[in-house]
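Okay, so here's the structure we're looking at.
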Amino acid sequence: MLFREMNRSKCKTYLIACETSRRAALVDPLREKIERYLALLAYEGLKLDYVIDTHTHADHRTATFELRDLLGVLAVMHRRAPAPKVDIHVDDGEPLTVGELTIKFLHTPGHTPDSMSLLLEDRVLTGDNLLIRGTGRTDFAGGDAAAQYDSITKKLFTLPDETLVFPAHDYRGNTHSTIGEEKRLNPRLAGKTREEYIEIMNNLSLALPDKIQEVLQPNQSAVDDDRIAFPSLAELNKVHELTPEELDRMLSTSDPPLLLDVREEEEYRGELGHIQGSRLIPLKELPTRIAELEAWKDKPIVAVCRAGVRSTTAAAILIGLGFTQVSNLKGGMLDWKGHSIHSAPSGGEHE
């Protein structure tokens, strides 16, 4: 196995390659480092098969979608990832073969709902959940300190103590640790109960990353368009959310809301299907197609996407333009498809 950290900075990108077949994967690539990655792949004579994001990043732009389009490689993320253009959605325990190597994915939510770790031979890439002598923050949208504690203690800490730990970030110049060292020495986890950990994480009072919206919104939507003025966090936090059960009840009334699906065309027709009667206007087209929704300016609209993230952005955009009754489907089509009461009479059937 060829294994290398590519950036030599606080943000880590890992190259994983099979020395026999020369097939490779890049994990958590940075947009500003694309030329460096291409140069090293060429120098080593490697064929890139996959680009993998351990989660939706909030502090730097991902290179995953650019590399996917440039090289025709496959983008890999957890099934809870909100972005389109993901070719392979993986879940807990699923494998991915890179030449003669096998990566096993572990769903480790907490930092984000789509956070995952990559288990590979004698090492684990822990994303932003387990760091060296620390843990990733949980105060972003979708963050959950309790889920993070469970992910680390019930999954990562069950690995052999000698397992090498390679996180997606390090701010102290460390390169790696081990599971055993983090069990003993990580100040947020060693000897801490679940309740104590939650208390620690809820009181960190960390500053937000610089330009978080300029980074997070394109990462989770794969939209990089100056015509879209992405909402602020304050505007996003004001969006009313509906559970699938609440939406199901609304759709069964005589005056149902407009369902505005903001995914891409291929997603709308894809594996998750779409809700019967929904109208498709992809997020990237919304600013130029607002006039189509004018009749609904004072009527109920429910925005829908894959995981409830892009649709929150769409709802906030509409609210900012004066639409008065806009809500978001919490958990998007992932939760809609999984909820137990949807049926054709209430609009839950997929076309």
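Residue numbers start at 1 in each chain; chains themselves are named A, B, ... in the order of the structure tokens; ligands are numbered from 1 in the order shown.
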
Picked from segment 43-274 of chain A by DSSP as strand (DSSP E or B), as a compact mmCIF listing (two decimals) with N, CA, C and O atoms, in the first residue's frame:
```txt
# COMPACT_ATOMS: atom_id res chain seq x y z
N LYS A 47 -3.44 5.60 -11.26
CA LYS A 47 -4.75 5.85 -11.88
C LYS A 47 -5.75 6.10 -10.77
O LYS A 47 -6.05 5.23 -9.97
N LEU A 48 -6.26 7.33 -10.72
CA LEU A 48 -7.22 7.68 -9.68
C LEU A 48 -8.59 7.12 -10.01
O LEU A 48 -9.14 7.40 -11.09
N ASP A 49 -9.15 6.33 -9.12
CA ASP A 49 -10.47 5.74 -9.31
C ASP A 49 -11.55 6.46 -8.51
O ASP A 49 -12.69 6.58 -8.98
N TYR A 50 -11.20 6.93 -7.30
CA TYR A 50 -12.20 7.47 -6.40
C TYR A 50 -11.71 8.75 -5.73
O TYR A 50 -10.52 8.89 -5.41
N VAL A 51 -12.63 9.67 -5.49
CA VAL A 51 -12.40 10.79 -4.57
C VAL A 51 -13.44 10.64 -3.46
O VAL A 51 -14.63 10.45 -3.73
N ILE A 52 -12.99 10.71 -2.23
CA ILE A 52 -13.83 10.41 -1.07
C ILE A 52 -13.81 11.59 -0.11
O ILE A 52 -12.73 12.07 0.27
N THR A 62 -14.12 21.68 -1.08
CA THR A 62 -13.70 20.35 -1.51
C THR A 62 -13.32 20.36 -2.98
O THR A 62 -13.88 21.13 -3.78
N LEU A 74 -14.99 8.51 -9.69
CA LEU A 74 -16.22 8.38 -8.94
C LEU A 74 -16.12 9.09 -7.59
O LEU A 74 -15.15 8.90 -6.84
N ALA A 75 -17.13 9.91 -7.27
CA ALA A 75 -17.20 10.60 -5.98
C ALA A 75 -17.92 9.70 -4.98
O ALA A 75 -18.98 9.14 -5.28
N VAL A 76 -17.34 9.59 -3.79
CA VAL A 76 -17.86 8.70 -2.76
C VAL A 76 -18.12 9.50 -1.49
O VAL A 76 -17.24 10.22 -1.01
N MET A 77 -19.34 9.40 -0.93
CA MET A 77 -19.67 10.00 0.36
C MET A 77 -20.69 9.11 1.06
O MET A 77 -21.23 8.17 0.48
N HIS A 78 -20.95 9.41 2.32
CA HIS A 78 -21.97 8.67 3.06
C HIS A 78 -23.35 8.96 2.48
O HIS A 78 -23.58 10.01 1.86
N ILE A 88 -21.27 7.23 -5.56
CA ILE A 88 -21.40 6.06 -4.69
C ILE A 88 -21.74 6.54 -3.29
O ILE A 88 -20.93 7.23 -2.66
N HIS A 89 -22.93 6.22 -2.82
CA HIS A 89 -23.31 6.50 -1.43
C HIS A 89 -23.07 5.23 -0.61
O HIS A 89 -23.59 4.17 -0.94
N VAL A 90 -22.28 5.35 0.44
CA VAL A 90 -21.94 4.19 1.25
C VAL A 90 -22.61 4.30 2.61
O VAL A 90 -22.98 5.38 3.06
N PRO A 95 -17.83 -2.03 2.05
CA PRO A 95 -16.45 -2.00 1.57
C PRO A 95 -16.32 -1.29 0.22
O PRO A 95 -17.29 -1.14 -0.52
N LEU A 96 -15.12 -0.86 -0.08
CA LEU A 96 -14.78 -0.31 -1.39
C LEU A 96 -13.40 -0.85 -1.75
O LEU A 96 -12.46 -0.76 -0.96
N THR A 97 -13.27 -1.39 -2.95
CA THR A 97 -12.01 -1.97 -3.38
C THR A 97 -11.22 -0.98 -4.23
O THR A 97 -11.75 -0.40 -5.18
N VAL A 98 -9.97 -0.80 -3.86
CA VAL A 98 -9.04 0.03 -4.63
C VAL A 98 -7.88 -0.89 -5.01
O VAL A 98 -7.00 -1.17 -4.20
N LEU A 101 -6.56 -3.43 -2.48
CA LEU A 101 -6.85 -2.91 -1.13
C LEU A 101 -8.35 -2.83 -0.91
O LEU A 101 -9.12 -2.66 -1.86
N THR A 102 -8.76 -2.94 0.34
CA THR A 102 -10.17 -2.80 0.69
C THR A 102 -10.32 -1.75 1.79
O THR A 102 -9.68 -1.82 2.83
N ILE A 103 -11.17 -0.76 1.52
CA ILE A 103 -11.53 0.25 2.51
C ILE A 103 -12.89 -0.13 3.08
O ILE A 103 -13.83 -0.40 2.33
N LYS A 104 -13.00 -0.14 4.41
CA LYS A 104 -14.28 -0.38 5.05
C LYS A 104 -14.77 0.93 5.65
O LYS A 104 -14.03 1.61 6.38
N PHE A 105 -16.00 1.30 5.35
CA PHE A 105 -16.56 2.56 5.83
C PHE A 105 -17.31 2.35 7.15
O PHE A 105 -18.10 1.40 7.28
N LEU A 106 -17.07 3.23 8.09
CA LEU A 106 -17.77 3.23 9.37
C LEU A 106 -18.55 4.54 9.48
O LEU A 106 -17.96 5.63 9.37
N HIS A 107 -19.85 4.46 9.67
CA HIS A 107 -20.64 5.68 9.85
C HIS A 107 -20.39 6.19 11.27
O HIS A 107 -20.72 5.52 12.24
N MET A 116 -18.07 9.98 8.32
CA MET A 116 -17.69 8.57 8.31
C MET A 116 -16.18 8.45 8.47
O MET A 116 -15.43 9.39 8.23
N SER A 117 -15.77 7.28 8.91
CA SER A 117 -14.36 6.95 9.06
C SER A 117 -14.02 5.82 8.09
O SER A 117 -14.89 5.03 7.71
N LEU A 118 -12.75 5.76 7.68
CA LEU A 118 -12.30 4.77 6.71
C LEU A 118 -11.29 3.84 7.36
O LEU A 118 -10.23 4.27 7.81
N LEU A 119 -11.63 2.57 7.44
CA LEU A 119 -10.76 1.56 8.05
C LEU A 119 -9.99 0.86 6.94
O LEU A 119 -10.57 0.32 5.99
N LEU A 120 -8.65 0.85 7.09
CA LEU A 120 -7.78 0.33 6.04
C LEU A 120 -6.58 -0.35 6.67
O LEU A 120 -5.72 0.31 7.26
N ARG A 123 -4.85 0.97 9.94
CA ARG A 123 -5.11 2.38 10.25
C ARG A 123 -6.58 2.75 10.00
O ARG A 123 -7.29 2.05 9.27
N VAL A 124 -6.97 3.86 10.59
CA VAL A 124 -8.32 4.38 10.39
C VAL A 124 -8.22 5.88 10.15
O VAL A 124 -7.52 6.61 10.86
N LEU A 125 -8.89 6.35 9.10
CA LEU A 125 -8.99 7.77 8.81
C LEU A 125 -10.29 8.26 9.45
O LEU A 125 -11.38 7.83 9.06
N THR A 126 -10.16 9.14 10.43
CA THR A 126 -11.29 9.46 11.31
C THR A 126 -12.01 10.74 10.95
O THR A 126 -12.90 11.18 11.69
N GLY A 127 -11.68 11.36 9.81
CA GLY A 127 -12.37 12.58 9.44
C GLY A 127 -12.20 13.65 10.50
O GLY A 127 -11.12 13.82 11.07
N LEU A 130 -12.81 12.10 15.46
CA LEU A 130 -11.73 11.88 16.42
C LEU A 130 -10.47 12.52 15.88
O LEU A 130 -9.96 12.15 14.83
N LEU A 131 -9.97 13.52 16.61
CA LEU A 131 -8.72 14.18 16.26
C LEU A 131 -7.62 13.70 17.21
O LEU A 131 -7.89 12.95 18.15
N GLY A 134 -8.05 15.44 20.65
CA GLY A 134 -9.21 16.31 20.56
C GLY A 134 -10.32 15.63 19.79
O GLY A 134 -10.23 14.46 19.42
N THR A 135 -11.38 16.39 19.53
CA THR A 135 -12.50 15.90 18.72
C THR A 135 -13.03 17.06 17.89
O THR A 135 -12.84 18.22 18.23
N LEU A 164 -3.61 2.73 13.88
CA LEU A 164 -3.14 4.09 13.66
C LEU A 164 -4.30 5.01 13.34
O LEU A 164 -5.22 4.64 12.60
N VAL A 165 -4.26 6.23 13.87
CA VAL A 165 -5.32 7.22 13.69
C VAL A 165 -4.81 8.37 12.83
O VAL A 165 -3.82 9.02 13.19
N PHE A 166 -5.49 8.60 11.71
CA PHE A 166 -5.15 9.71 10.82
C PHE A 166 -6.39 10.60 10.66
O PHE A 166 -7.33 10.23 9.95
N PRO A 167 -6.41 11.76 11.32
CA PRO A 167 -7.59 12.63 11.25
C PRO A 167 -7.56 13.54 10.02
O PRO A 167 -6.53 13.65 9.33
N HIS A 169 -7.98 16.76 10.21
CA HIS A 169 -7.37 18.03 10.63
C HIS A 169 -6.41 17.78 11.79
O HIS A 169 -6.62 16.88 12.60
N SER A 177 -1.79 9.26 15.44
CA SER A 177 -1.83 8.76 16.80
C SER A 177 -2.24 7.29 16.73
O SER A 177 -2.14 6.68 15.66
N THR A 178 -2.66 6.74 17.83
CA THR A 178 -3.23 5.39 17.83
C THR A 178 -4.52 5.41 18.65
O THR A 178 -4.75 6.31 19.46
N HIS A 240 -38.63 27.15 8.93
CA HIS A 240 -39.48 26.18 9.64
C HIS A 240 -39.33 24.81 9.00
O HIS A 240 -39.35 24.67 7.78
N GLU A 241 -39.20 23.79 9.84
CA GLU A 241 -39.03 22.42 9.34
C GLU A 241 -40.25 21.57 9.65
O GLU A 241 -40.83 21.66 10.73
N LEU A 242 -40.57 20.73 8.69
CA LEU A 242 -41.67 19.77 8.85
C LEU A 242 -41.11 18.36 8.87
O LEU A 242 -40.21 18.03 8.09
N LEU A 258 -47.58 23.42 -2.12
CA LEU A 258 -46.75 23.15 -3.28
C LEU A 258 -45.46 22.47 -2.81
O LEU A 258 -44.79 22.97 -1.91
N LEU A 259 -45.16 21.34 -3.40
CA LEU A 259 -43.91 20.65 -3.09
C LEU A 259 -42.86 21.09 -4.10
O LEU A 259 -42.99 20.80 -5.30
N LEU A 260 -41.84 21.78 -3.64
CA LEU A 260 -40.79 22.29 -4.51
C LEU A 260 -39.54 21.46 -4.32
O LEU A 260 -38.84 21.57 -3.32
N ASP A 261 -39.24 20.59 -5.28
CA ASP A 261 -38.07 19.72 -5.22
C ASP A 261 -36.90 20.45 -5.88
O ASP A 261 -36.96 20.83 -7.04
```

Exercise. Quick one, how far is atom CA of Asp335 of chain A from atom CA of Pro244 of chain A?
Worked result: 6.9 Å

Exercise. Quick one: residues within 12 Å of Ala83 of chain A, only C-alpha atoms counted, chain neighbours fewer than 5 positions away excluded, as a ChimeraX atom specification?
Worked result: /A:53,55-57,62,64-65,75-78,88-89,114,216-223,262-264,267,283,305-311

Grab the residues selected above and save them as a CSV table (one decimal), in the first residue's frame with N, CA, C and O atoms.
```csv
chain,number,residue,atom,x,y,z
A,53,ASP,N,-15.0,12.1,0.3
A,53,ASP,CA,-15.1,13.1,1.4
A,53,ASP,C,-15.6,12.4,2.6
A,53,ASP,O,-16.6,11.7,2.5
A,55,HIS,N,-16.8,13.8,5.1
A,55,HIS,CA,-18.0,14.5,5.5
A,55,HIS,C,-18.1,15.8,4.7
A,55,HIS,O,-17.2,16.1,3.9
A,56,THR,N,-19.2,16.5,4.9
A,56,THR,CA,-19.4,17.8,4.2
A,56,THR,C,-18.6,18.8,5.0
A,56,THR,O,-18.9,19.2,6.1
A,57,HIS,N,-17.6,19.4,4.3
A,57,HIS,CA,-16.6,20.3,5.0
A,57,HIS,C,-17.2,21.7,5.1
A,57,HIS,O,-17.9,22.2,4.2
A,62,THR,N,-14.1,21.7,-1.1
A,62,THR,CA,-13.7,20.4,-1.5
A,62,THR,C,-13.3,20.4,-3.0
A,62,THR,O,-13.9,21.1,-3.8
A,64,THR,N,-13.6,17.5,-4.6
A,64,THR,CA,-14.2,16.2,-5.0
A,64,THR,C,-14.9,16.4,-6.3
A,64,THR,O,-14.8,15.6,-7.3
A,65,PHE,N,-15.8,17.4,-6.5
A,65,PHE,CA,-16.6,17.5,-7.6
A,65,PHE,C,-15.8,18.0,-8.9
A,65,PHE,O,-16.1,17.5,-10.0
A,75,ALA,N,-17.1,9.9,-7.3
A,75,ALA,CA,-17.2,10.6,-6.0
A,75,ALA,C,-17.9,9.7,-5.0
A,75,ALA,O,-19.0,9.1,-5.3
A,76,VAL,N,-17.3,9.6,-3.8
A,76,VAL,CA,-17.9,8.7,-2.8
A,76,VAL,C,-18.1,9.5,-1.5
A,76,VAL,O,-17.2,10.2,-1.0
A,77,MET,N,-19.3,9.4,-0.9
A,77,MET,CA,-19.7,10.0,0.4
A,77,MET,C,-20.7,9.1,1.1
A,77,MET,O,-21.2,8.2,0.5
A,78,HIS,N,-21.0,9.4,2.3
A,78,HIS,CA,-22.0,8.7,3.1
A,78,HIS,C,-23.3,9.0,2.5
A,78,HIS,O,-23.6,10.0,1.9
A,88,ILE,N,-21.3,7.2,-5.6
A,88,ILE,CA,-21.4,6.1,-4.7
A,88,ILE,C,-21.7,6.5,-3.3
A,88,ILE,O,-20.9,7.2,-2.7
A,89,HIS,N,-22.9,6.2,-2.8
A,89,HIS,CA,-23.3,6.5,-1.4
A,89,HIS,C,-23.1,5.2,-0.6
A,89,HIS,O,-23.6,4.2,-0.9
A,114,ASP,N,-23.3,13.2,8.1
A,114,ASP,CA,-22.8,12.3,7.1
A,114,ASP,C,-21.3,11.9,7.4
A,114,ASP,O,-20.6,11.4,6.5
A,216,LEU,N,-19.3,26.3,2.9
A,216,LEU,CA,-20.3,25.2,3.2
A,216,LEU,C,-21.3,25.1,2.1
A,216,LEU,O,-21.7,23.9,1.7
A,217,GLN,N,-21.9,26.2,1.7
A,217,GLN,CA,-23.0,26.1,0.7
A,217,GLN,C,-22.6,25.4,-0.6
A,217,GLN,O,-23.3,24.5,-1.1
A,218,PRO,N,-21.5,25.8,-1.2
A,218,PRO,CA,-21.1,25.1,-2.4
A,218,PRO,C,-20.7,23.7,-2.2
A,218,PRO,O,-21.0,22.8,-3.0
A,219,ASN,N,-20.1,23.4,-1.0
A,219,ASN,CA,-19.8,22.0,-0.7
A,219,ASN,C,-21.0,21.1,-0.6
A,219,ASN,O,-21.0,19.9,-1.1
A,220,GLN,N,-22.1,21.6,0.0
A,220,GLN,CA,-23.2,20.8,0.2
A,220,GLN,C,-24.2,20.8,-1.0
A,220,GLN,O,-25.2,20.0,-1.1
A,221,SER,N,-24.0,21.7,-1.9
A,221,SER,CA,-24.9,21.8,-3.1
A,221,SER,C,-24.2,21.5,-4.4
A,221,SER,O,-24.9,21.3,-5.4
A,222,ALA,N,-22.9,21.5,-4.4
A,222,ALA,CA,-22.1,21.4,-5.7
A,222,ALA,C,-22.5,22.5,-6.6
A,222,ALA,O,-22.4,22.3,-7.9
A,223,VAL,N,-23.0,23.6,-6.1
A,223,VAL,CA,-23.3,24.8,-6.9
A,223,VAL,C,-22.3,25.9,-6.7
A,223,VAL,O,-22.1,26.3,-5.6
A,262,VAL,N,-35.8,20.7,-5.1
A,262,VAL,CA,-34.7,21.5,-5.6
A,262,VAL,C,-33.5,20.6,-5.9
A,262,VAL,O,-32.4,21.2,-6.0
A,263,ARG,N,-33.6,19.3,-6.1
A,263,ARG,CA,-32.5,18.5,-6.5
A,263,ARG,C,-32.2,18.6,-8.0
A,263,ARG,O,-32.9,19.3,-8.7
A,264,GLU,N,-31.2,17.9,-8.5
A,264,GLU,CA,-30.9,17.8,-9.9
A,264,GLU,C,-31.9,16.9,-10.6
A,264,GLU,O,-32.5,16.0,-9.9
A,267,GLU,N,-31.3,13.2,-9.9
A,267,GLU,CA,-31.7,12.8,-8.6
A,267,GLU,C,-33.2,12.6,-8.5
A,267,GLU,O,-33.8,11.7,-7.9
A,283,LEU,N,-31.9,23.8,-7.4
A,283,LEU,CA,-31.4,24.9,-6.7
A,283,LEU,C,-30.6,25.9,-7.5
A,283,LEU,O,-30.8,27.1,-7.4
A,305,CYS,N,-35.3,18.2,-0.8
A,305,CYS,CA,-34.1,17.7,-1.5
A,305,CYS,C,-33.7,16.3,-1.0
A,305,CYS,O,-34.6,15.6,-0.4
A,306,ARG,N,-32.5,16.0,-1.1
A,306,ARG,CA,-32.1,14.6,-0.7
A,306,ARG,C,-32.1,14.5,0.8
A,306,ARG,O,-32.7,13.5,1.4
A,307,ALA,N,-31.4,15.4,1.5
A,307,ALA,CA,-31.2,15.2,3.0
A,307,ALA,C,-31.8,16.4,3.8
A,307,ALA,O,-31.5,16.5,5.0
A,308,GLY,N,-32.5,17.3,3.2
A,308,GLY,CA,-33.0,18.4,3.9
A,308,GLY,C,-32.1,19.6,4.0
A,308,GLY,O,-32.4,20.5,4.8
A,309,VAL,N,-31.0,19.6,3.3
A,309,VAL,CA,-30.0,20.7,3.5
A,309,VAL,C,-30.1,21.7,2.4
A,309,VAL,O,-30.3,22.9,2.6
A,310,ARG,N,-30.0,21.3,1.1
A,310,ARG,CA,-30.2,22.2,0.0
A,310,ARG,C,-31.6,22.8,0.0
A,310,ARG,O,-31.7,24.0,-0.3
A,311,SER,N,-32.6,22.1,0.5
A,311,SER,CA,-33.9,22.6,0.5
A,311,SER,C,-34.0,23.7,1.6
A,311,SER,O,-34.9,24.6,1.5
```

Problem set entry | Contacts of Glu32 of chain A within 10 Å, only C-alpha atoms, excl. fewer than 4 positions in-chain, as an MDAnalysis selection string | chainID A and resid 36:37 60:63

How would the residues just picked look written out with all heavy atoms as a tab-separated table (two decimals), in the first residue's frame?
```
chain	number	residue	atom	x	y	z
A	36	ARG	N	-1.45	20.05	-7.44
A	36	ARG	CA	-0.49	19.23	-6.69
A	36	ARG	C	-0.88	17.75	-6.76
A	36	ARG	O	-0.03	16.88	-6.97
A	36	ARG	CB	-0.45	19.70	-5.23
A	36	ARG	CG	0.48	18.90	-4.33
A	36	ARG	CD	0.36	19.39	-2.89
A	36	ARG	NE	1.20	18.63	-1.99
A	36	ARG	CZ	2.47	18.92	-1.72
A	36	ARG	NH1	3.05	19.95	-2.31
A	36	ARG	NH2	3.16	18.18	-0.88
A	37	TYR	N	-2.16	17.47	-6.60
A	37	TYR	CA	-2.62	16.08	-6.64
A	37	TYR	C	-2.38	15.47	-8.02
A	37	TYR	O	-1.91	14.33	-8.13
A	37	TYR	CB	-4.11	16.00	-6.29
A	37	TYR	CG	-4.50	16.63	-4.98
A	37	TYR	CD1	-5.75	17.22	-4.81
A	37	TYR	CD2	-3.63	16.64	-3.88
A	37	TYR	CE1	-6.13	17.79	-3.61
A	37	TYR	CE2	-4.00	17.22	-2.68
A	37	TYR	CZ	-5.25	17.80	-2.55
A	37	TYR	OH	-5.62	18.37	-1.36
A	60	HIS	N	-13.22	24.52	4.27
A	60	HIS	CA	-12.48	24.61	3.02
A	60	HIS	C	-13.31	24.02	1.90
A	60	HIS	O	-14.15	23.14	2.11
A	60	HIS	CB	-11.13	23.90	3.10
A	60	HIS	CG	-11.23	22.42	3.31
A	60	HIS	ND1	-11.50	21.53	2.29
A	60	HIS	CD2	-11.10	21.67	4.42
A	60	HIS	CE1	-11.53	20.30	2.76
A	60	HIS	NE2	-11.29	20.34	4.06
A	61	ARG	N	-13.09	24.50	0.68
A	61	ARG	CA	-13.80	23.98	-0.47
A	61	ARG	C	-13.24	22.61	-0.85
A	61	ARG	O	-12.03	22.42	-0.94
A	61	ARG	CB	-13.67	24.94	-1.66
A	61	ARG	CG	-14.47	26.22	-1.52
A	61	ARG	CD	-15.97	25.98	-1.58
A	61	ARG	NE	-16.35	25.32	-2.80
A	61	ARG	CZ	-16.59	25.95	-3.95
A	61	ARG	NH1	-16.48	27.26	-4.01
A	61	ARG	NH2	-16.96	25.29	-5.02
A	62	THR	N	-14.12	21.68	-1.08
A	62	THR	CA	-13.70	20.35	-1.51
A	62	THR	C	-13.32	20.36	-2.98
A	62	THR	O	-13.88	21.13	-3.78
A	62	THR	CB	-14.81	19.32	-1.27
A	62	THR	OG1	-14.36	18.03	-1.71
A	62	THR	CG2	-16.09	19.67	-2.03
A	63	ALA	N	-12.37	19.50	-3.34
A	63	ALA	CA	-12.01	19.32	-4.75
A	63	ALA	C	-12.71	18.11	-5.36
A	63	ALA	O	-12.48	17.78	-6.53
A	63	ALA	CB	-10.49	19.15	-4.88
```

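Compared by their closest atoms to Gly332 of chain A, and using only C-alpha atoms, the residues A:Thr243, A:Glu19, A:Ile317, A:Phe230 rank with A:Thr243 nearest.
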
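Nearest residue to Gly173 of chain A among A:Ser9, A:Gln325, A:Thr20, A:Asn237 is A:Ser9, counting only C-alpha atoms.
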
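The smallest atom-to-atom distance between Ile319 of chain A and any of A:Glu235, A:Asp92, A:Asp87, A:Glu246, using only C-alpha atoms, is found for A:Glu235.
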